[in-house]
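Colleague: Before anything else, here's the structure in question.
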Amino acid sequence: MSELTLLLLRFGFLLVLWAFVFSVVYALRSDLFGQRVRRQPVEAAPAPFVASAVAQPTAPVAFAAPAPSQDTATEAFTVAAHSSTATRLVITSGPREGLELQLSKEPLTIGRSNESGLVIRDDYTSTHHARLMLWSDDWVIQDLDSTNGTFLGGSRVTLPTPVPLNTPVRIGTTSFELRR
């Protein structure tokens with residue numbers, strides 16, 4: 001092999017090595033500090049939802065669903081009245097205090113990322129901080145290996161833990177509760 005070939009191989013290897021080092025540093029930086037977040041101006045309290053503001057259809061719907069029977073409606077009301085499953089999440093303290101989210105059957109991710117279902121933008125919240133999920137008719141909170149932890153009623157969550165109704169959950173500087 002010629003001297004020029006060995007020199008080019010050495011520079012190529014050095015270039016690949018530095019590319020690897022920079023990719024590791026970039027990954028560590030994004031994991032530790034998250035994405036850069038712009039500060040948004042503090043808004044006044046959100047306007048309440050007004051049902052009349054929703055556009056009403058002008059023509060009647062051709063295929064309306066049949067009305068439920070009296071027995072079905074009574075059964076649905078009885079199940080809803082006796083259900084202990086939370087249907088909404090209420091933020092009780094923090095920058096978004098007073099915000100209410102309707103809970104669905106889908107898991108809710110919480111963190112600084114714009115991809116999260118509940119975005120909390122503070123310095124103590126990880127990019128993907130925690131997950132709230134429905135498990136056997138109980139809501140369960142799971143910490144996603146966050147730096148500062150997730151706290152349920154003052155105790156740090158290490159394993160997926162059921163969240164009782166009206167029990168404070170703290171993530172960063174934000175606290176919320178699950179309510180019916």
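Each chain of the structure tokens is named A, B, ... in the order shown, its residues numbered from 1; ligands are numbered from 1 in display order.
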Skip Leu165 in chain A itself and residues of its chain fewer than 3 positions away, then list as a VMD selection string all residues within 12 Å of it, counting only C-alpha atoms.

Modeller: chain A and resid 83 to 90 138 to 140 152 to 153 162 168 to 169 176 to 180

Colleague: Which residue, A:Ser93, A:Thr5, A:Ser175, A:Thr158, has the smallest gap to Ile110 in chain A when you use only C-alpha atoms?

Modeller: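 Ranked by minimum distance to Ile110 in chain A, first place goes to A:Ser175.
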